[in-house]
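This report refers to the structure that appears directly beneath it.
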Amino acid sequence: MGRPPLPLGTWGKVRTYRIGPKTWRAIANYKDYDGVTRPVERVGESARKAEHNLLQALRDRARRSNDGEIKPESKVAAAATLWLQAVDESDKAARTKQEYHDTWRRYLASRVGALRIQDVRVSTVNRVITEIRDQVGRGAASHAKVVLSGVFGLAVRHDALDKNPVREIEGLGKKKRKKERLVNARTIGAVLALFHASEKAARWDLVDMVDVLSGLGCRIGELLALDWDSSVDFDAGTIRFHGTVIRVTGRGLFVQDHTKSRAGMRTIRPPAWVMDILKRRHAEAESPWVFPSATGTLRDPDNTRARIRQVVAGTAFEGLHPHDFRHYVAGVLDDAGLTAREIADYLGHERISTTQEDYMERGVVGEDAGLALAERPRAGPANIEG
């Protein structure tokens with residue numbers, strides 16, 4: 001029966017030979033991590049010194065070969081570091097990369113970072129995700145689940161685990177039934193009236209913004225990325241969404257050259273009253289951005305959301321989010337009889353189905369959507385009848 005093969009990163013019997021009056025050679029076969037067995041040798045003034053030098057070299061070789069290797073006894077934090085490094089080197093959006101780093105740092109490092117990979121069970125992951133959901137929220141739990149799945153997927157690829165425990169956990173539970181949207185056909189007048197009457201809204205340049213959002217239904221980051229030169233075509237009556245404003249630690253505020261999805265890279269023809277607002281702003285503009293900051297630079301989406309919250313604080317619309325206008329526009333278009341495909345084209349929604357995404361032309365001009373929104377919502381009391 002032959003000798004069993006050497007495990008990766010180990011060596012066989014050390015052999016020593018005299019090669020001179022005061023020189024000895026020690027040699028051993030080493031199984032590299034590429035699966036190839038290679039002879040490694042060192043010399044010394046005596047057989048003992050030569051063997052010592054060889055053993056030290058073999059240990060150093062094993063340590064270098066094992067750099068980046070994840071083992072069952074490795075800490076989860078070590079696997080997370082490698083996975084996040086791979087994320088940073090990927091072509092994922094900058095905001096996505098930051099979200100993964102933030103999720104690990106804020107929610108996961110303290111909960112699982114010190115655990116050994118081999119000690120993590122499905123019940124461990126399920127408990128962590130459930131705890132984050134209950135203490136922080138479903139959004140944070142969903143992000144945590146994605147990050148843990150990536151980290152333990154890496155561990156599986158390194159043979160530190162047989163299977164990814166995240167794939168076996170239960171769902172996050174049924175979503176709570178959502179309350180009626182703050183902005184809808186009955187309340188839109190009162191919402192706009194609140195901003196038109198607010199000194200804060202005027203000072204923070206939010207009045208035109210909410211008016212335009214009620215006609216575009218775009219994401220706030222997309223709106224703040226609009227510029228006069230490449231986004232707005234007054235002759236054609238169109239608006240082109242080509243990016244979104246984000247803030248990334250270490251880089252600051254910038255326009256990411258793509259939106260949330262491919263469908264978000266779109267050109268629409270909004271209702272005429274939206275273009276009228278933009279024409280007025282363009283005539284008074286001193287900044288290249290359609291909705292700039294007070295100093296004419298890019299405007300921060302997070303700060304803008306905070307300003308909106310301050311305007312509606314203590315009113316019936318407390319908790320209002322710019323995304324509420326997006327749902328309002330979707331409702332108007334739905335009531336007008338537009339198809340789901342037409343609504344998705346106007347709002348830049350994710351694909352309705354793989355077939356539609358792969359075979360339908362994107363970036364089309366939403367003609368019928370503009371007509372459906374042709375009647376501008378007016379600031380006024382809420383219509384609570386019916």
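Labels used: A, B, ... for chains in the order of the structure tokens, numbers from 1 for residues in each chain, and numbers from 1 for ligands as shown.
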
Show me, as a Markdown table, the residues of stretch 278-353 of chain A having an atom within 8 Å of stretch 186-201 of chain A, each with the closest atom pair and its distance in Å, using only C-alpha atoms.
| residue | atom | partner | partner_atom | distance |
| --- | --- | --- | --- | --- |
| A:Arg307 | CA | A:Ala201 | CA | 8.0 |
| A:Ile308 | CA | A:Ala201 | CA | 7.7 |
| A:Val311 | CA | A:Ala201 | CA | 6.4 |
| A:Val312 | CA | A:Leu194 | CA | 7.7 |
| A:Phe317 | CA | A:Val191 | CA | 7.3 |

Where in stretch 223-340 of chain A does DSSP assign alpha helix (DSSP H), given as a short mmCIF file (atom, residue, chain, number, x, y, z; two decimals) with all heavy atoms, in the first residue's frame?
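Just written: result-v9.cif:
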data_model
loop_
_atom_site.label_atom_id
_atom_site.label_comp_id
_atom_site.auth_asym_id
_atom_site.auth_seq_id
_atom_site.Cartn_x
_atom_site.Cartn_y
_atom_site.Cartn_z
N LEU A 223 -33.23 63.32 -8.90
CA LEU A 223 -33.64 64.71 -9.09
C LEU A 223 -32.46 65.65 -8.85
O LEU A 223 -32.23 66.59 -9.62
CB LEU A 223 -34.78 65.06 -8.13
CG LEU A 223 -35.34 66.48 -8.25
CD1 LEU A 223 -36.12 66.63 -9.55
CD2 LEU A 223 -36.22 66.81 -7.06
N LEU A 224 -31.72 65.39 -7.79
CA LEU A 224 -30.61 66.28 -7.43
C LEU A 224 -29.42 66.13 -8.37
O LEU A 224 -28.52 66.98 -8.37
CB LEU A 224 -30.17 66.02 -5.99
CG LEU A 224 -31.26 66.23 -4.94
CD1 LEU A 224 -30.71 66.01 -3.54
CD2 LEU A 224 -31.87 67.63 -5.05
N ALA A 272 -46.37 69.49 -19.15
CA ALA A 272 -45.86 70.82 -19.51
C ALA A 272 -45.63 71.70 -18.30
O ALA A 272 -44.70 72.51 -18.27
CB ALA A 272 -46.84 71.50 -20.47
N TRP A 273 -46.45 71.57 -17.25
CA TRP A 273 -46.29 72.45 -16.10
C TRP A 273 -44.98 72.19 -15.36
O TRP A 273 -44.42 73.12 -14.74
CB TRP A 273 -47.48 72.35 -15.16
CG TRP A 273 -47.79 70.98 -14.60
CD1 TRP A 273 -48.66 70.06 -15.10
CD2 TRP A 273 -47.20 70.39 -13.43
NE1 TRP A 273 -48.67 68.93 -14.32
CE2 TRP A 273 -47.79 69.10 -13.28
CE3 TRP A 273 -46.28 70.81 -12.50
CZ2 TRP A 273 -47.46 68.24 -12.24
CZ3 TRP A 273 -45.94 69.95 -11.46
CH2 TRP A 273 -46.53 68.70 -11.33
N VAL A 274 -44.47 70.96 -15.43
CA VAL A 274 -43.16 70.69 -14.84
C VAL A 274 -42.08 71.44 -15.61
O VAL A 274 -41.19 72.07 -15.02
CB VAL A 274 -42.86 69.17 -14.83
CG1 VAL A 274 -41.39 68.91 -14.48
CG2 VAL A 274 -43.77 68.46 -13.84
N MET A 275 -42.17 71.39 -16.93
CA MET A 275 -41.18 72.09 -17.74
C MET A 275 -41.28 73.60 -17.53
O MET A 275 -40.26 74.31 -17.58
CB MET A 275 -41.36 71.74 -19.22
CG MET A 275 -41.19 70.26 -19.54
SD MET A 275 -39.58 69.57 -19.01
CE MET A 275 -38.47 70.37 -20.17
N ASP A 276 -42.48 74.12 -17.27
CA ASP A 276 -42.64 75.56 -17.01
C ASP A 276 -41.91 75.95 -15.73
O ASP A 276 -41.26 77.01 -15.67
CB ASP A 276 -44.13 75.91 -16.89
CG ASP A 276 -44.85 75.85 -18.22
OD1 ASP A 276 -44.17 75.89 -19.26
OD2 ASP A 276 -46.10 75.74 -18.22
N ILE A 277 -42.00 75.11 -14.70
CA ILE A 277 -41.27 75.40 -13.45
C ILE A 277 -39.77 75.41 -13.72
O ILE A 277 -39.03 76.29 -13.26
CB ILE A 277 -41.61 74.34 -12.38
CG1 ILE A 277 -43.07 74.47 -11.96
CG2 ILE A 277 -40.69 74.50 -11.16
CD1 ILE A 277 -43.53 73.39 -10.97
N LEU A 278 -39.30 74.44 -14.51
CA LEU A 278 -37.88 74.35 -14.79
C LEU A 278 -37.40 75.52 -15.66
O LEU A 278 -36.29 76.02 -15.47
CB LEU A 278 -37.56 73.02 -15.47
CG LEU A 278 -37.85 71.76 -14.64
CD1 LEU A 278 -37.36 70.51 -15.37
CD2 LEU A 278 -37.21 71.84 -13.26
N LYS A 279 -38.25 75.98 -16.58
CA LYS A 279 -37.88 77.15 -17.39
C LYS A 279 -37.69 78.38 -16.51
O LYS A 279 -36.75 79.16 -16.71
CB LYS A 279 -38.96 77.41 -18.44
CG LYS A 279 -38.96 76.42 -19.59
CD LYS A 279 -40.09 76.71 -20.58
CE LYS A 279 -40.12 75.69 -21.70
NZ LYS A 279 -41.25 75.92 -22.64
N ARG A 280 -38.57 78.55 -15.56
CA ARG A 280 -38.43 79.69 -14.65
C ARG A 280 -37.15 79.57 -13.83
O ARG A 280 -36.42 80.55 -13.66
CB ARG A 280 -39.65 79.76 -13.73
CG ARG A 280 -39.50 80.79 -12.60
CD ARG A 280 -40.76 80.96 -11.81
NE ARG A 280 -41.30 79.70 -11.30
CZ ARG A 280 -40.79 79.06 -10.24
NH1 ARG A 280 -39.72 79.53 -9.61
NH2 ARG A 280 -41.36 77.94 -9.83
N ARG A 281 -36.88 78.38 -13.33
CA ARG A 281 -35.66 78.20 -12.55
C ARG A 281 -34.41 78.39 -13.41
O ARG A 281 -33.41 78.95 -12.96
CB ARG A 281 -35.63 76.79 -11.93
CG ARG A 281 -36.67 76.57 -10.85
CD ARG A 281 -36.53 75.20 -10.21
NE ARG A 281 -35.27 75.06 -9.49
CZ ARG A 281 -35.08 75.41 -8.22
NH1 ARG A 281 -36.08 75.97 -7.53
NH2 ARG A 281 -33.91 75.24 -7.64
N HIS A 282 -34.48 77.94 -14.65
CA HIS A 282 -33.33 78.08 -15.55
C HIS A 282 -33.03 79.54 -15.82
O HIS A 282 -31.86 79.95 -15.89
CB HIS A 282 -33.60 77.33 -16.85
CG HIS A 282 -32.44 77.34 -17.79
ND1 HIS A 282 -32.45 78.02 -18.98
CD2 HIS A 282 -31.20 76.75 -17.71
CE1 HIS A 282 -31.30 77.86 -19.61
NE2 HIS A 282 -30.52 77.09 -18.85
N ALA A 283 -34.06 80.34 -15.95
CA ALA A 283 -33.87 81.77 -16.22
C ALA A 283 -33.20 82.48 -15.04
O ALA A 283 -32.52 83.50 -15.22
CB ALA A 283 -35.21 82.42 -16.53
N GLU A 284 -33.38 81.93 -13.85
CA GLU A 284 -32.81 82.54 -12.65
C GLU A 284 -31.57 81.80 -12.17
O GLU A 284 -30.97 82.20 -11.15
CB GLU A 284 -33.87 82.53 -11.53
CG GLU A 284 -35.17 83.23 -11.91
CD GLU A 284 -36.28 82.95 -10.90
OE1 GLU A 284 -36.05 82.12 -9.99
OE2 GLU A 284 -37.36 83.56 -11.03
N PRO A 301 -28.74 64.44 -0.73
CA PRO A 301 -30.07 63.83 -0.58
C PRO A 301 -30.47 63.63 0.87
O PRO A 301 -31.63 63.84 1.25
CB PRO A 301 -29.93 62.48 -1.31
CG PRO A 301 -28.81 62.69 -2.27
CD PRO A 301 -27.86 63.62 -1.58
N ASP A 302 -29.52 63.21 1.73
CA ASP A 302 -29.85 62.98 3.14
C ASP A 302 -30.24 64.28 3.83
O ASP A 302 -31.20 64.32 4.61
CB ASP A 302 -28.66 62.33 3.86
CG ASP A 302 -28.42 60.90 3.41
OD1 ASP A 302 -29.39 60.26 2.95
OD2 ASP A 302 -27.28 60.44 3.49
N ASN A 303 -29.50 65.33 3.56
CA ASN A 303 -29.84 66.63 4.16
C ASN A 303 -31.19 67.12 3.65
O ASN A 303 -31.97 67.74 4.40
CB ASN A 303 -28.76 67.66 3.85
CG ASN A 303 -27.46 67.38 4.57
OD1 ASN A 303 -27.43 66.60 5.53
ND2 ASN A 303 -26.38 67.99 4.12
N THR A 304 -31.47 66.86 2.37
CA THR A 304 -32.75 67.28 1.79
C THR A 304 -33.90 66.55 2.45
O THR A 304 -34.93 67.15 2.78
CB THR A 304 -32.76 67.02 0.27
OG1 THR A 304 -31.66 67.73 -0.33
CG2 THR A 304 -34.06 67.50 -0.35
N ARG A 305 -33.75 65.26 2.66
CA ARG A 305 -34.79 64.50 3.36
C ARG A 305 -35.00 65.04 4.77
O ARG A 305 -36.14 65.14 5.25
CB ARG A 305 -34.41 63.02 3.43
CG ARG A 305 -34.33 62.31 2.08
CD ARG A 305 -34.06 60.83 2.26
NE ARG A 305 -33.75 60.19 1.01
CZ ARG A 305 -32.51 59.94 0.57
NH1 ARG A 305 -31.48 60.27 1.32
NH2 ARG A 305 -32.30 59.35 -0.59
N ALA A 306 -33.90 65.39 5.42
CA ALA A 306 -34.00 65.93 6.78
C ALA A 306 -34.76 67.26 6.78
O ALA A 306 -35.58 67.52 7.68
CB ALA A 306 -32.61 66.12 7.37
N ARG A 307 -34.51 68.11 5.79
CA ARG A 307 -35.22 69.40 5.69
C ARG A 307 -36.72 69.18 5.48
O ARG A 307 -37.56 69.86 6.08
CB ARG A 307 -34.67 70.22 4.53
CG ARG A 307 -33.21 70.64 4.66
CD ARG A 307 -32.97 71.56 5.82
NE ARG A 307 -31.68 72.22 5.73
CZ ARG A 307 -31.12 72.92 6.70
NH1 ARG A 307 -31.74 73.00 7.88
NH2 ARG A 307 -29.94 73.50 6.53
N ILE A 308 -37.04 68.21 4.64
CA ILE A 308 -38.46 67.91 4.39
C ILE A 308 -39.13 67.44 5.68
O ILE A 308 -40.26 67.84 5.99
CB ILE A 308 -38.59 66.85 3.27
CG1 ILE A 308 -38.19 67.47 1.92
CG2 ILE A 308 -40.01 66.28 3.21
CD1 ILE A 308 -38.18 66.49 0.77
N ARG A 309 -38.43 66.60 6.43
CA ARG A 309 -38.99 66.13 7.71
C ARG A 309 -39.22 67.29 8.67
O ARG A 309 -40.21 67.30 9.42
CB ARG A 309 -38.05 65.10 8.34
CG ARG A 309 -38.01 63.76 7.65
CD ARG A 309 -37.37 62.69 8.53
NE ARG A 309 -35.98 63.00 8.84
CZ ARG A 309 -34.94 62.60 8.10
NH1 ARG A 309 -35.16 61.90 7.00
NH2 ARG A 309 -33.72 62.89 8.46
N GLN A 310 -38.33 68.27 8.65
CA GLN A 310 -38.49 69.42 9.54
C GLN A 310 -39.71 70.26 9.15
O GLN A 310 -40.41 70.78 10.03
CB GLN A 310 -37.23 70.29 9.51
CG GLN A 310 -36.02 69.64 10.15
CD GLN A 310 -34.79 70.53 10.09
OE1 GLN A 310 -34.81 71.67 10.55
NE2 GLN A 310 -33.72 70.01 9.51
N VAL A 311 -39.98 70.39 7.86
CA VAL A 311 -41.13 71.17 7.41
C VAL A 311 -42.44 70.53 7.86
O VAL A 311 -43.38 71.22 8.27
CB VAL A 311 -41.11 71.34 5.87
CG1 VAL A 311 -42.41 71.95 5.37
CG2 VAL A 311 -39.92 72.21 5.45
N VAL A 312 -42.51 69.20 7.78
CA VAL A 312 -43.78 68.52 8.09
C VAL A 312 -43.88 68.08 9.55
O VAL A 312 -44.91 67.53 9.96
CB VAL A 312 -43.98 67.29 7.17
CG1 VAL A 312 -44.02 67.71 5.71
CG2 VAL A 312 -42.87 66.26 7.40
N HIS A 323 -40.00 59.77 -1.35
CA HIS A 323 -40.49 58.61 -2.10
C HIS A 323 -42.01 58.55 -2.13
O HIS A 323 -42.59 57.88 -2.99
CB HIS A 323 -39.93 57.33 -1.47
CG HIS A 323 -39.33 56.38 -2.47
ND1 HIS A 323 -38.22 56.69 -3.23
CD2 HIS A 323 -39.71 55.13 -2.86
CE1 HIS A 323 -37.94 55.67 -4.02
NE2 HIS A 323 -38.82 54.72 -3.82
N ASP A 324 -42.67 59.22 -1.19
CA ASP A 324 -44.14 59.24 -1.19
C ASP A 324 -44.68 59.86 -2.47
O ASP A 324 -45.75 59.47 -2.96
CB ASP A 324 -44.66 59.99 0.03
CG ASP A 324 -44.43 59.22 1.33
OD1 ASP A 324 -44.64 57.99 1.33
OD2 ASP A 324 -44.05 59.84 2.33
N PHE A 325 -43.97 60.84 -3.02
CA PHE A 325 -44.40 61.46 -4.28
C PHE A 325 -44.26 60.47 -5.43
O PHE A 325 -45.02 60.51 -6.39
CB PHE A 325 -43.59 62.72 -4.56
CG PHE A 325 -43.87 63.83 -3.60
CD1 PHE A 325 -43.04 64.06 -2.51
CD2 PHE A 325 -44.99 64.65 -3.76
CE1 PHE A 325 -43.31 65.08 -1.61
CE2 PHE A 325 -45.27 65.67 -2.87
CZ PHE A 325 -44.43 65.89 -1.79
N ARG A 326 -43.30 59.59 -5.33
CA ARG A 326 -43.10 58.55 -6.35
C ARG A 326 -44.30 57.62 -6.38
O ARG A 326 -44.80 57.26 -7.46
CB ARG A 326 -41.82 57.79 -6.02
CG ARG A 326 -41.36 56.79 -7.04
CD ARG A 326 -39.92 56.37 -6.70
NE ARG A 326 -39.44 55.28 -7.52
CZ ARG A 326 -38.99 55.41 -8.76
NH1 ARG A 326 -39.01 56.61 -9.34
NH2 ARG A 326 -38.54 54.39 -9.44
N HIS A 327 -44.78 57.24 -5.20
CA HIS A 327 -45.97 56.38 -5.14
C HIS A 327 -47.21 57.14 -5.61
O HIS A 327 -48.10 56.55 -6.24
CB HIS A 327 -46.16 55.86 -3.72
CG HIS A 327 -45.12 54.88 -3.29
ND1 HIS A 327 -45.12 53.57 -3.71
CD2 HIS A 327 -44.03 55.03 -2.49
CE1 HIS A 327 -44.07 52.94 -3.18
NE2 HIS A 327 -43.40 53.80 -2.44
N TYR A 328 -47.26 58.42 -5.31
CA TYR A 328 -48.40 59.22 -5.76
C TYR A 328 -48.46 59.24 -7.29
O TYR A 328 -49.53 59.02 -7.88
CB TYR A 328 -48.27 60.65 -5.23
CG TYR A 328 -49.12 61.65 -5.97
CD1 TYR A 328 -50.50 61.68 -5.83
CD2 TYR A 328 -48.53 62.55 -6.87
CE1 TYR A 328 -51.28 62.58 -6.54
CE2 TYR A 328 -49.30 63.45 -7.57
CZ TYR A 328 -50.67 63.47 -7.41
OH TYR A 328 -51.44 64.37 -8.12
N VAL A 329 -47.34 59.49 -7.93
CA VAL A 329 -47.31 59.54 -9.39
C VAL A 329 -47.69 58.18 -9.98
O VAL A 329 -48.46 58.10 -10.95
CB VAL A 329 -45.92 59.98 -9.90
CG1 VAL A 329 -45.80 59.79 -11.41
CG2 VAL A 329 -45.68 61.44 -9.54
N ALA A 330 -47.18 57.12 -9.38
CA ALA A 330 -47.54 55.78 -9.86
C ALA A 330 -49.05 55.57 -9.77
O ALA A 330 -49.66 54.98 -10.67
CB ALA A 330 -46.81 54.71 -9.04
N GLY A 331 -49.66 56.05 -8.69
CA GLY A 331 -51.11 55.92 -8.54
C GLY A 331 -51.88 56.69 -9.58
O GLY A 331 -52.88 56.21 -10.13
N VAL A 332 -51.42 57.91 -9.87
CA VAL A 332 -52.09 58.72 -10.89
C VAL A 332 -52.02 58.03 -12.25
O VAL A 332 -53.02 57.97 -12.99
CB VAL A 332 -51.44 60.12 -10.97
CG1 VAL A 332 -52.00 60.91 -12.16
CG2 VAL A 332 -51.68 60.90 -9.68
N LEU A 333 -50.85 57.52 -12.59
CA LEU A 333 -50.70 56.86 -13.89
C LEU A 333 -51.52 55.58 -13.96
O LEU A 333 -52.09 55.25 -15.02
CB LEU A 333 -49.22 56.54 -14.13
CG LEU A 333 -48.27 57.75 -14.16
CD1 LEU A 333 -46.85 57.29 -14.47
CD2 LEU A 333 -48.73 58.79 -15.16
N ASP A 334 -51.60 54.87 -12.84
CA ASP A 334 -52.41 53.65 -12.81
C ASP A 334 -53.88 53.99 -13.00
O ASP A 334 -54.60 53.33 -13.76
CB ASP A 334 -52.18 52.94 -11.48
CG ASP A 334 -52.87 51.58 -11.43
OD1 ASP A 334 -52.96 50.91 -12.49
OD2 ASP A 334 -53.32 51.19 -10.35
N ASP A 335 -54.34 55.03 -12.30
CA ASP A 335 -55.74 55.44 -12.43
C ASP A 335 -56.06 55.91 -13.84
O ASP A 335 -57.21 55.81 -14.30
CB ASP A 335 -56.05 56.56 -11.43
CG ASP A 335 -56.04 56.07 -9.99
OD1 ASP A 335 -56.12 54.84 -9.78
OD2 ASP A 335 -55.92 56.91 -9.08
N ALA A 340 -48.56 48.62 -16.80
CA ALA A 340 -47.45 48.51 -15.84
C ALA A 340 -46.12 48.81 -16.53
O ALA A 340 -45.23 49.41 -15.93
CB ALA A 340 -47.42 47.11 -15.24
#

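Counting only C-alpha atoms, A:Glu168 has the following residues at most 10 Å away, ignoring those fewer than 5 positions along the same chain: Arg121, Val122, Ser123, Val125, Asn126 and Lys163 of chain A.
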
Legend entry - Contact residues around A:Thr96 with only C-alpha atoms at 12 Å, ignoring same-chain residues under 6 positions, as a PyMOL selection string: chain A and resi 84+87-88+90+102-103+143+146-147+246-248+256+259-260

Quick one: write out the picked residues with all heavy atoms as a short mmCIF file (atom, residue, chain, number, x, y, z; two decimals), in the first residue's frame?
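This is the output file again-v2.cif:
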data_model
loop_
_atom_site.label_atom_id
_atom_site.label_comp_id
_atom_site.auth_asym_id
_atom_site.auth_seq_id
_atom_site.Cartn_x
_atom_site.Cartn_y
_atom_site.Cartn_z
N LEU A 84 -15.22 41.82 2.03
CA LEU A 84 -15.38 43.26 1.80
C LEU A 84 -14.29 43.78 0.87
O LEU A 84 -14.53 44.70 0.07
CB LEU A 84 -15.37 44.02 3.12
CG LEU A 84 -16.62 43.81 3.98
CD1 LEU A 84 -16.43 44.42 5.36
CD2 LEU A 84 -17.86 44.43 3.32
N VAL A 87 -15.47 42.95 -2.49
CA VAL A 87 -16.55 43.87 -2.85
C VAL A 87 -15.97 45.19 -3.34
O VAL A 87 -16.41 45.75 -4.34
CB VAL A 87 -17.50 44.10 -1.65
CG1 VAL A 87 -18.43 45.28 -1.93
CG2 VAL A 87 -18.31 42.85 -1.37
N ASP A 88 -14.97 45.70 -2.62
CA ASP A 88 -14.35 46.97 -2.99
C ASP A 88 -13.71 46.92 -4.37
O ASP A 88 -13.65 47.93 -5.09
CB ASP A 88 -13.29 47.37 -1.97
CG ASP A 88 -13.89 47.81 -0.64
OD1 ASP A 88 -15.08 48.19 -0.64
OD2 ASP A 88 -13.18 47.76 0.38
N SER A 90 -14.84 45.06 -6.82
CA SER A 90 -15.85 44.70 -7.81
C SER A 90 -16.38 45.94 -8.51
O SER A 90 -16.00 47.07 -8.20
CB SER A 90 -17.01 43.95 -7.14
OG SER A 90 -17.78 44.85 -6.34
N ASP A 102 -20.91 49.50 6.06
CA ASP A 102 -21.65 50.05 7.19
C ASP A 102 -22.47 48.97 7.91
O ASP A 102 -22.56 48.95 9.13
CB ASP A 102 -22.59 51.17 6.73
CG ASP A 102 -21.82 52.41 6.30
OD1 ASP A 102 -20.63 52.51 6.63
OD2 ASP A 102 -22.42 53.29 5.65
N THR A 103 -23.07 48.08 7.12
CA THR A 103 -23.87 47.00 7.71
C THR A 103 -23.01 46.09 8.58
O THR A 103 -23.40 45.72 9.68
CB THR A 103 -24.56 46.18 6.60
OG1 THR A 103 -25.48 47.02 5.90
CG2 THR A 103 -25.33 45.00 7.19
N HIS A 143 -30.26 43.88 4.73
CA HIS A 143 -28.87 44.15 4.36
C HIS A 143 -27.93 43.20 5.08
O HIS A 143 -26.95 42.71 4.50
CB HIS A 143 -28.51 45.60 4.69
CG HIS A 143 -29.13 46.59 3.77
ND1 HIS A 143 -29.44 47.87 4.14
CD2 HIS A 143 -29.52 46.49 2.47
CE1 HIS A 143 -29.98 48.52 3.13
NE2 HIS A 143 -30.04 47.70 2.10
N VAL A 146 -27.81 39.83 3.43
CA VAL A 146 -27.01 39.84 2.20
C VAL A 146 -25.52 39.76 2.52
O VAL A 146 -24.77 38.98 1.91
CB VAL A 146 -27.31 41.11 1.38
CG1 VAL A 146 -26.32 41.24 0.21
CG2 VAL A 146 -28.74 41.08 0.84
N VAL A 147 -25.09 40.57 3.49
CA VAL A 147 -23.67 40.58 3.85
C VAL A 147 -23.23 39.24 4.42
O VAL A 147 -22.20 38.69 4.03
CB VAL A 147 -23.38 41.71 4.86
CG1 VAL A 147 -21.96 41.60 5.41
CG2 VAL A 147 -23.57 43.07 4.19
N ILE A 246 -24.89 60.68 -4.55
CA ILE A 246 -24.63 59.87 -3.37
C ILE A 246 -23.45 60.47 -2.61
O ILE A 246 -22.67 61.26 -3.15
CB ILE A 246 -24.32 58.40 -3.71
CG1 ILE A 246 -23.04 58.29 -4.54
CG2 ILE A 246 -25.47 57.76 -4.44
CD1 ILE A 246 -22.57 56.87 -4.74
N ARG A 247 -23.34 60.10 -1.35
CA ARG A 247 -22.18 60.48 -0.54
C ARG A 247 -21.48 59.20 -0.08
O ARG A 247 -22.12 58.30 0.46
CB ARG A 247 -22.61 61.31 0.68
CG ARG A 247 -21.43 61.75 1.55
CD ARG A 247 -21.89 62.53 2.76
NE ARG A 247 -22.47 63.80 2.42
CZ ARG A 247 -21.77 64.91 2.16
NH1 ARG A 247 -20.44 64.85 2.18
NH2 ARG A 247 -22.39 66.03 1.86
N VAL A 248 -20.18 59.15 -0.29
CA VAL A 248 -19.38 58.00 0.10
C VAL A 248 -18.26 58.47 1.01
O VAL A 248 -17.60 59.47 0.72
CB VAL A 248 -18.79 57.28 -1.14
CG1 VAL A 248 -17.82 56.19 -0.72
CG2 VAL A 248 -19.90 56.70 -2.00
N GLN A 256 -23.11 59.69 -9.12
CA GLN A 256 -22.81 58.34 -9.61
C GLN A 256 -23.36 58.25 -11.03
O GLN A 256 -24.51 58.64 -11.28
CB GLN A 256 -23.46 57.32 -8.70
CG GLN A 256 -23.28 55.89 -9.10
CD GLN A 256 -23.94 54.95 -8.11
OE1 GLN A 256 -23.36 54.57 -7.10
NE2 GLN A 256 -25.19 54.60 -8.37
N THR A 259 -28.03 54.99 -12.35
CA THR A 259 -29.10 55.03 -11.37
C THR A 259 -29.23 53.67 -10.69
O THR A 259 -28.38 52.80 -10.86
CB THR A 259 -30.43 55.42 -12.03
OG1 THR A 259 -30.69 54.51 -13.12
CG2 THR A 259 -30.37 56.83 -12.59
N LYS A 260 -30.30 53.49 -9.92
CA LYS A 260 -30.45 52.26 -9.14
C LYS A 260 -30.49 51.03 -10.02
O LYS A 260 -30.04 49.96 -9.62
CB LYS A 260 -31.73 52.36 -8.31
CG LYS A 260 -31.93 51.19 -7.35
CD LYS A 260 -33.14 51.41 -6.48
CE LYS A 260 -33.32 50.27 -5.50
NZ LYS A 260 -34.51 50.48 -4.64
#

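Atom CA of A:Ala93 is positioned 27.9 Å from atom CA of A:Glu131.
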